[in-house]
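Below is entry.pdb, holding PDB, C-alpha atoms.
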MODEL        1
ATOM      1  CA  MET V  81     -12.966  28.462 -47.815
ATOM      2  CA  LYS V  82     -14.546  25.008 -47.530
ATOM      3  CA  LYS V  83     -11.138  23.422 -48.142
ATOM      4  CA  ILE V  84      -9.544  25.431 -45.321
ATOM      5  CA  VAL V  85     -12.328  24.531 -42.869
ATOM      6  CA  SER V  86     -12.097  20.878 -43.942
ATOM      7  CA  LEU V  87      -8.311  20.872 -43.436
ATOM      8  CA  VAL V  88      -8.629  22.503 -40.005
ATOM      9  CA  LEU V  89     -11.295  19.982 -38.943
ATOM     10  CA  ALA V  90      -9.206  17.095 -40.272
ATOM     11  CA  ALA V  91      -6.179  18.377 -38.343
ATOM     12  CA  LEU V  92      -8.224  18.692 -35.136
ATOM     13  CA  LEU V  93      -9.602  15.189 -35.586
ATOM     14  CA  ALA V  94      -6.098  13.787 -36.136
ATOM     15  CA  LEU V  95      -4.784  15.567 -33.029
ATOM     16  CA  SER V  96      -7.667  14.368 -30.872
ATOM     17  CA  LEU V  97      -7.211  10.777 -32.062
ATOM     18  CA  ALA V  98      -3.476  10.983 -31.395
ATOM     19  CA  ALA V  99      -4.127  12.261 -27.877
ATOM     20  CA  CYS V 100      -6.598   9.437 -27.210
ATOM     21  CA  GLY V 101      -4.138   6.922 -28.583
ATOM     22  CA  ASP V 102      -1.381   8.134 -26.267
ATOM     23  CA  LYS V 103      -3.682   7.926 -23.249
ATOM     24  CA  ASN V 104      -4.847   4.428 -24.127
ATOM     25  CA  ASN V 105      -1.283   3.268 -24.770
ATOM     26  CA  ALA V 106      -0.342   4.250 -21.232
ATOM     27  CA  GLY V 107      -2.198   1.098 -20.221
ATOM     28  CA  ASP V 108      -3.455   2.066 -16.797
ATOM     29  CA  GLY V 109      -4.722   5.609 -17.276
ATOM     30  CA  ASP V 110      -4.015   7.641 -14.161
ATOM     31  CA  LYS V 111      -2.340   4.833 -12.185
ATOM     32  CA  PRO V 112       1.155   5.726 -11.081
ATOM     33  CA  ALA V 113       3.718   3.398 -12.633
ATOM     34  CA  LYS V 114       5.675   3.165  -9.383
ATOM     35  CA  PRO V 115       5.492   4.646  -5.910
ATOM     36  CA  THR V 116       7.759   7.453  -4.738
ATOM     37  CA  SER V 117       7.967   6.349  -1.090
ATOM     38  CA  ALA V 118       6.482   3.928   1.415
ATOM     39  CA  LEU V 119       4.301   6.739   2.726
ATOM     40  CA  ASN V 120       3.230   7.616  -0.838
ATOM     41  CA  ILE V 121       1.872   4.087  -1.282
ATOM     42  CA  LEU V 122      -0.329   4.214   1.796
ATOM     43  CA  GLU V 123      -1.444   7.812   1.195
ATOM     44  CA  THR V 124      -2.362   7.034  -2.414
ATOM     45  CA  VAL V 125      -4.385   3.986  -1.398
ATOM     46  CA  TRP V 126      -6.062   5.666   1.597
ATOM     47  CA  ASN V 127      -7.084   8.597  -0.608
ATOM     48  CA  THR V 128      -9.023   6.191  -2.867
ATOM     49  CA  TYR V 129     -11.335   5.261   0.025
ATOM     50  CA  GLY V 130     -14.685   7.008  -0.022
ATOM     51  CA  GLU V 131     -15.864   8.735   3.141
ATOM     52  CA  ASP V 132     -18.342   5.885   3.725
ATOM     53  CA  GLU V 133     -15.516   3.297   3.418
ATOM     54  CA  LYS V 134     -13.034   4.919   5.803
ATOM     55  CA  PHE V 135     -12.674   3.864   9.425
ATOM     56  CA  ALA V 136     -10.771   5.317  12.386
ATOM     57  CA  VAL V 137      -7.040   5.007  11.670
ATOM     58  CA  ALA V 138      -3.700   6.382  12.760
ATOM     59  CA  GLY V 139      -0.380   6.260  11.011
ATOM     60  CA  GLY V 140       3.280   6.475  11.872
ATOM     61  CA  ASP V 141       5.314   5.168  14.763
ATOM     62  CA  PHE V 142       3.353   7.062  17.436
ATOM     63  CA  SER V 143       6.241   9.428  18.130
ATOM     64  CA  GLU V 144       5.420  13.111  18.340
ATOM     65  CA  ALA V 145       7.132  13.760  15.000
ATOM     66  CA  ASN V 146       5.494  10.959  12.997
ATOM     67  CA  THR V 147       2.022  10.327  14.428
ATOM     68  CA  ARG V 148      -0.858  11.151  12.117
ATOM     69  CA  GLU V 149      -4.513  10.780  12.929
ATOM     70  CA  ASP V 150      -6.890   9.685  10.149
ATOM     71  CA  ALA V 151      -3.989   9.181   7.720
ATOM     72  CA  PRO V 152      -0.914   7.027   7.087
ATOM     73  CA  GLY V 153       2.383   8.130   8.601
ATOM     74  CA  VAL V 154       6.120   7.479   8.479
ATOM     75  CA  PHE V 155       7.361   4.700  10.741
ATOM     76  CA  ASP V 156      10.915   5.351  11.955
ATOM     77  CA  LEU V 157      13.146   2.293  11.613
ATOM     78  CA  LYS V 158      15.528   3.188  14.483
ATOM     79  CA  ASP V 159      13.694   0.914  16.910
ATOM     80  CA  ARG V 160      13.535  -2.337  14.944
ATOM     81  CA  ALA V 161      11.894  -4.199  17.833
ATOM     82  CA  LEU V 162       8.985  -1.723  17.694
ATOM     83  CA  VAL V 163       8.675  -2.160  13.923
ATOM     84  CA  ASP V 164       8.529  -5.920  14.470
ATOM     85  CA  SER V 165       6.000  -5.626  17.282
ATOM     86  CA  GLU V 166       3.686  -3.150  15.536
ATOM     87  CA  LEU V 167       3.967  -4.055  11.840
ATOM     88  CA  GLY V 168       5.347  -7.596  11.834
ATOM     89  CA  LEU V 169       8.540  -6.675   9.973
ATOM     90  CA  PRO V 170      11.436  -8.800  11.250
ATOM     91  CA  GLU V 171      14.249  -6.819  12.883
ATOM     92  CA  THR V 172      16.748  -8.146  10.328
ATOM     93  CA  ALA V 173      14.730  -7.163   7.239
ATOM     94  CA  ALA V 174      16.790  -5.208   4.689
ATOM     95  CA  VAL V 175      14.551  -2.136   4.444
ATOM     96  CA  ASP V 176      15.409   1.547   4.694
ATOM     97  CA  GLU V 177      11.949   3.143   4.815
ATOM     98  CA  ALA V 178       8.564   2.299   6.333
ATOM     99  CA  ALA V 179       5.063   3.714   6.748
ATOM    100  CA  SER V 180       1.975   2.453   8.544
ATOM    101  CA  LEU V 181      -1.796   2.702   8.666
ATOM    102  CA  VAL V 182      -3.449   1.053  11.676
ATOM    103  CA  HIS V 183      -7.029   0.718  12.945
ATOM    104  CA  MET V 184      -7.313   2.996  15.998
ATOM    105  CA  MET V 185      -9.354   0.559  18.084
ATOM    106  CA  ASN V 186      -7.409  -2.656  17.522
ATOM    107  CA  ALA V 187      -4.308  -3.260  15.415
ATOM    108  CA  ASN V 188      -5.422  -6.851  14.815
ATOM    109  CA  THR V 189      -8.528  -5.513  13.061
ATOM    110  CA  PHE V 190      -6.398  -3.737  10.446
ATOM    111  CA  THR V 191      -2.677  -3.042  10.141
ATOM    112  CA  ALA V 192      -0.986  -2.044   6.908
ATOM    113  CA  GLY V 193       2.724  -1.450   6.450
ATOM    114  CA  ALA V 194       4.692  -0.331   3.419
ATOM    115  CA  PHE V 195       8.431  -0.895   3.223
ATOM    116  CA  HIS V 196      11.180   0.083   0.791
ATOM    117  CA  VAL V 197      13.620  -2.790   0.326
ATOM    118  CA  THR V 198      17.224  -1.597   0.290
ATOM    119  CA  ASN V 199      18.304  -3.886  -2.548
ATOM    120  CA  SER V 200      15.817  -5.133  -5.150
ATOM    121  CA  SER V 201      17.405  -8.591  -5.060
ATOM    122  CA  ASP V 202      16.187  -8.892  -1.433
ATOM    123  CA  VAL V 203      12.461  -8.352  -2.138
ATOM    124  CA  ASP V 204      11.625 -12.083  -2.128
ATOM    125  CA  THR V 205      13.542 -12.588   1.131
ATOM    126  CA  VAL V 206      11.765  -9.662   2.810
ATOM    127  CA  VAL V 207       8.393 -11.004   1.621
ATOM    128  CA  SER V 208       9.141 -14.503   2.923
ATOM    129  CA  ASP V 209      10.503 -13.292   6.277
ATOM    130  CA  LEU V 210       7.605 -10.856   6.757
ATOM    131  CA  LYS V 211       5.037 -13.546   5.971
ATOM    132  CA  ASP V 212       6.676 -16.077   8.314
ATOM    133  CA  ASN V 213       6.992 -13.513  11.105
ATOM    134  CA  ILE V 214       3.323 -12.505  10.940
ATOM    135  CA  MET V 215       1.987 -16.038  10.493
ATOM    136  CA  ASN V 216       3.958 -17.366  13.491
ATOM    137  CA  ARG V 217       2.940 -14.661  15.996
ATOM    138  CA  GLN V 218       1.319 -15.215  19.342
ATOM    139  CA  TRP V 219      -1.688 -12.899  18.984
ATOM    140  CA  MET V 220      -3.255 -10.964  21.858
ATOM    141  CA  CYS V 221      -6.449  -8.888  21.914
ATOM    142  CA  GLY V 222      -8.078 -10.583  18.964
ATOM    143  CA  PHE V 223      -6.899 -12.751  16.151
ATOM    144  CA  PRO V 224      -6.531 -11.332  12.619
ATOM    145  CA  ASP V 225      -8.338 -13.277   9.896
ATOM    146  CA  LYS V 226      -6.022 -12.801   6.980
ATOM    147  CA  LEU V 227      -2.650 -11.638   5.666
ATOM    148  CA  VAL V 228      -2.003 -10.114   2.248
ATOM    149  CA  VAL V 229       1.468  -9.156   1.005
ATOM    150  CA  LEU V 230       1.987  -7.238  -2.226
ATOM    151  CA  THR V 231       5.066  -6.094  -4.114
ATOM    152  CA  LEU V 232       5.548  -2.925  -6.167
ATOM    153  CA  GLY V 233       9.076  -2.955  -7.557
ATOM    154  CA  ASP V 234      11.400  -2.368  -4.574
ATOM    155  CA  TYR V 235       8.463  -1.956  -2.171
ATOM    156  CA  VAL V 236       6.658  -4.539  -0.067
ATOM    157  CA  VAL V 237       3.194  -3.829   1.341
ATOM    158  CA  SER V 238       1.596  -5.974   4.021
ATOM    159  CA  CYS V 239      -1.855  -5.913   5.519
ATOM    160  CA  PHE V 240      -3.394  -8.136   8.158
ATOM    161  CA  GLY V 241      -6.667  -8.052  10.043
ATOM    162  CA  ALA V 242     -10.360  -8.554   9.381
ATOM    163  CA  GLU V 243     -10.845 -10.310   6.042
ATOM    164  CA  GLU V 244     -13.204  -7.700   4.595
ATOM    165  CA  LEU V 245     -10.857  -4.800   5.420
ATOM    166  CA  VAL V 246      -7.780  -6.650   4.159
ATOM    167  CA  ASP V 247      -9.467  -7.651   0.891
ATOM    168  CA  GLU V 248     -10.663  -4.105   0.275
ATOM    169  CA  PHE V 249      -7.186  -2.681   0.960
ATOM    170  CA  SER V 250      -5.533  -5.230  -1.345
ATOM    171  CA  GLU V 251      -7.973  -4.418  -4.154
ATOM    172  CA  LYS V 252      -7.333  -0.710  -3.725
ATOM    173  CA  VAL V 253      -3.536  -1.180  -3.863
ATOM    174  CA  THR V 254      -3.743  -3.122  -7.123
ATOM    175  CA  ALA V 255      -6.220  -0.595  -8.530
ATOM    176  CA  ALA V 256      -4.027   2.377  -7.550
ATOM    177  CA  PHE V 257      -0.635   1.092  -8.773
ATOM    178  CA  SER V 258      -0.074  -0.535 -12.146
ATOM    179  CA  GLY V 259       2.889  -2.622 -10.939
ATOM    180  CA  ALA V 260       1.264  -4.016  -7.781
ATOM    181  CA  SER V 261       1.280  -7.784  -7.469
ATOM    182  CA  VAL V 262      -0.276  -9.915  -4.718
ATOM    183  CA  VAL V 263       2.326 -12.470  -3.599
ATOM    184  CA  CYS V 264       0.548 -13.755  -0.469
ATOM    185  CA  ASP V 265      -3.172 -13.936   0.260
ATOM    186  CA  GLU V 266      -3.710 -16.381   3.110
ATOM    187  CA  PRO V 267      -5.805 -16.874   6.222
ATOM    188  CA  ILE V 268      -3.912 -16.557   9.496
ATOM    189  CA  VAL V 269      -4.303 -19.833  11.374
TER
ENDMDL
END

Produce structure tokens that represent the structure in this file.
Amino acid sequence: MKKIVSLVLAALLALSLAACGDKNNAGDGDKPAKPTSALNILETVWNTYGEDEKFAVAGGDFSEANTREDAPGVFDLKDRALVDSELGLPETAAVDEAASLVHMMNANTFTAGAFHVTNSSDVDTVVSDLKDNIMNRQWMCGFPDKLVVLTLGDYVVSCFGAEELVDEFSEKVTAAFSGASVVCDEPIV
């Protein structure tokens, strides 16, 4: 009887160690390896904010179909001039999907956009064009402090606004997604 109990305990120990080993080998625990959509990126990040960290936001393109209060939303790409004006994405950018999360009081305080790049070979071009377009703007109603641009595979995420809010958002993106990489972290001058 002691041998059977010892064998059962040894088997349970081996199974529990194997399960722990698999979890540790995943590298980033519960972090998603890659996003499923532009909206998924912003929703995942926004959901990591605690209630005391959140601020008044709206998402989407402010159309009846896509506007969301207190959450990110889909930004329709049909009106490329609006995407440029609101999110800083150049009209010619090779993207096929977008989402936004914007401070309700002033977009220059915090604006985040997530974009799916149509062809992965164009990610660097989209990053460069997005950065140049935001950095060279004529700002009205306040001046954002900082711009951060991140990449996640075929996705580009941008955020500009108050330095504290931008830094917190950037940290939460890299904490939420294992493949996130900061490619631009610069003051807007």

Problem - Hits of the PyMOL selection byres ((chain V and resi 137) around 12) in this structure, as a PyMOL selection string - result: chain V and resi 122+126+133-136+138-140+147-153+180-187+189-192

Practice task
Can you work out the spacing between CA of Asp212 in chain V and CA of Glu266 in chain V in Å, to one decimal?
Solution key: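 Distance between the two atoms: 11.6 Å.
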
Problem - Distance query Met215 in chain V at most 10 Å, all atoms listed in the file, self and fewer than 3 positions along chain excluded, as number ranges by chain - result: V: 168, 209-212, 218-219, 224, 226-227, 240, 266-269

As JSON, please: the centre and edge lengths in Å, to one decimal, of an axis-aligned box enclosing every listed atom of range 184-190 of chain V with 4 Å added on each side.
{"center_x": -6.8, "center_y": -1.9, "center_z": 14.3, "size_x": 13.0, "size_y": 17.8, "size_z": 15.6}

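With CA of Leu119 in chain V on one side and CA of Arg217 in chain V on the other, the separation reads 25.2 Å.
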
Mind checking which residues fall within 12 Å of range 251-254 of chain V, counting only C-alpha atoms, ignoring those fewer than 5 positions away in the same chain, and posting them as a PDB file with C-alpha atoms, keeping the file's coordinate frame?
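Output file selection_0.pdb is given in full below:
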ATOM      1  CA  ASP V 108      -3.455   2.066 -16.797  1.00  0.00           C
ATOM      2  CA  LYS V 111      -2.340   4.833 -12.185  1.00  0.00           C
ATOM      3  CA  PRO V 112       1.155   5.726 -11.081  1.00  0.00           C
ATOM      4  CA  ALA V 113       3.718   3.398 -12.633  1.00  0.00           C
ATOM      5  CA  LYS V 114       5.675   3.165  -9.383  1.00  0.00           C
ATOM      6  CA  PRO V 115       5.492   4.646  -5.910  1.00  0.00           C
ATOM      7  CA  ASN V 120       3.230   7.616  -0.838  1.00  0.00           C
ATOM      8  CA  ILE V 121       1.872   4.087  -1.282  1.00  0.00           C
ATOM      9  CA  LEU V 122      -0.329   4.214   1.796  1.00  0.00           C
ATOM     10  CA  GLU V 123      -1.444   7.812   1.195  1.00  0.00           C
ATOM     11  CA  THR V 124      -2.362   7.034  -2.414  1.00  0.00           C
ATOM     12  CA  VAL V 125      -4.385   3.986  -1.398  1.00  0.00           C
ATOM     13  CA  TRP V 126      -6.062   5.666   1.597  1.00  0.00           C
ATOM     14  CA  ASN V 127      -7.084   8.597  -0.608  1.00  0.00           C
ATOM     15  CA  THR V 128      -9.023   6.191  -2.867  1.00  0.00           C
ATOM     16  CA  TYR V 129     -11.335   5.261   0.025  1.00  0.00           C
ATOM     17  CA  GLY V 130     -14.685   7.008  -0.022  1.00  0.00           C
ATOM     18  CA  GLU V 133     -15.516   3.297   3.418  1.00  0.00           C
ATOM     19  CA  ALA V 192      -0.986  -2.044   6.908  1.00  0.00           C
ATOM     20  CA  ALA V 194       4.692  -0.331   3.419  1.00  0.00           C
ATOM     21  CA  VAL V 228      -2.003 -10.114   2.248  1.00  0.00           C
ATOM     22  CA  VAL V 229       1.468  -9.156   1.005  1.00  0.00           C
ATOM     23  CA  LEU V 230       1.987  -7.238  -2.226  1.00  0.00           C
ATOM     24  CA  THR V 231       5.066  -6.094  -4.114  1.00  0.00           C
ATOM     25  CA  LEU V 232       5.548  -2.925  -6.167  1.00  0.00           C
ATOM     26  CA  VAL V 236       6.658  -4.539  -0.067  1.00  0.00           C
ATOM     27  CA  VAL V 237       3.194  -3.829   1.341  1.00  0.00           C
ATOM     28  CA  SER V 238       1.596  -5.974   4.021  1.00  0.00           C
ATOM     29  CA  CYS V 239      -1.855  -5.913   5.519  1.00  0.00           C
ATOM     30  CA  GLU V 244     -13.204  -7.700   4.595  1.00  0.00           C
ATOM     31  CA  LEU V 245     -10.857  -4.800   5.420  1.00  0.00           C
ATOM     32  CA  VAL V 246      -7.780  -6.650   4.159  1.00  0.00           C
ATOM     33  CA  GLY V 259       2.889  -2.622 -10.939  1.00  0.00           C
ATOM     34  CA  ALA V 260       1.264  -4.016  -7.781  1.00  0.00           C
ATOM     35  CA  SER V 261       1.280  -7.784  -7.469  1.00  0.00           C
ATOM     36  CA  VAL V 262      -0.276  -9.915  -4.718  1.00  0.00           C
ATOM     37  CA  VAL V 263       2.326 -12.470  -3.599  1.00  0.00           C
ATOM     38  CA  ASP V 265      -3.172 -13.936   0.260  1.00  0.00           C
TER      39      ASP V 265
END
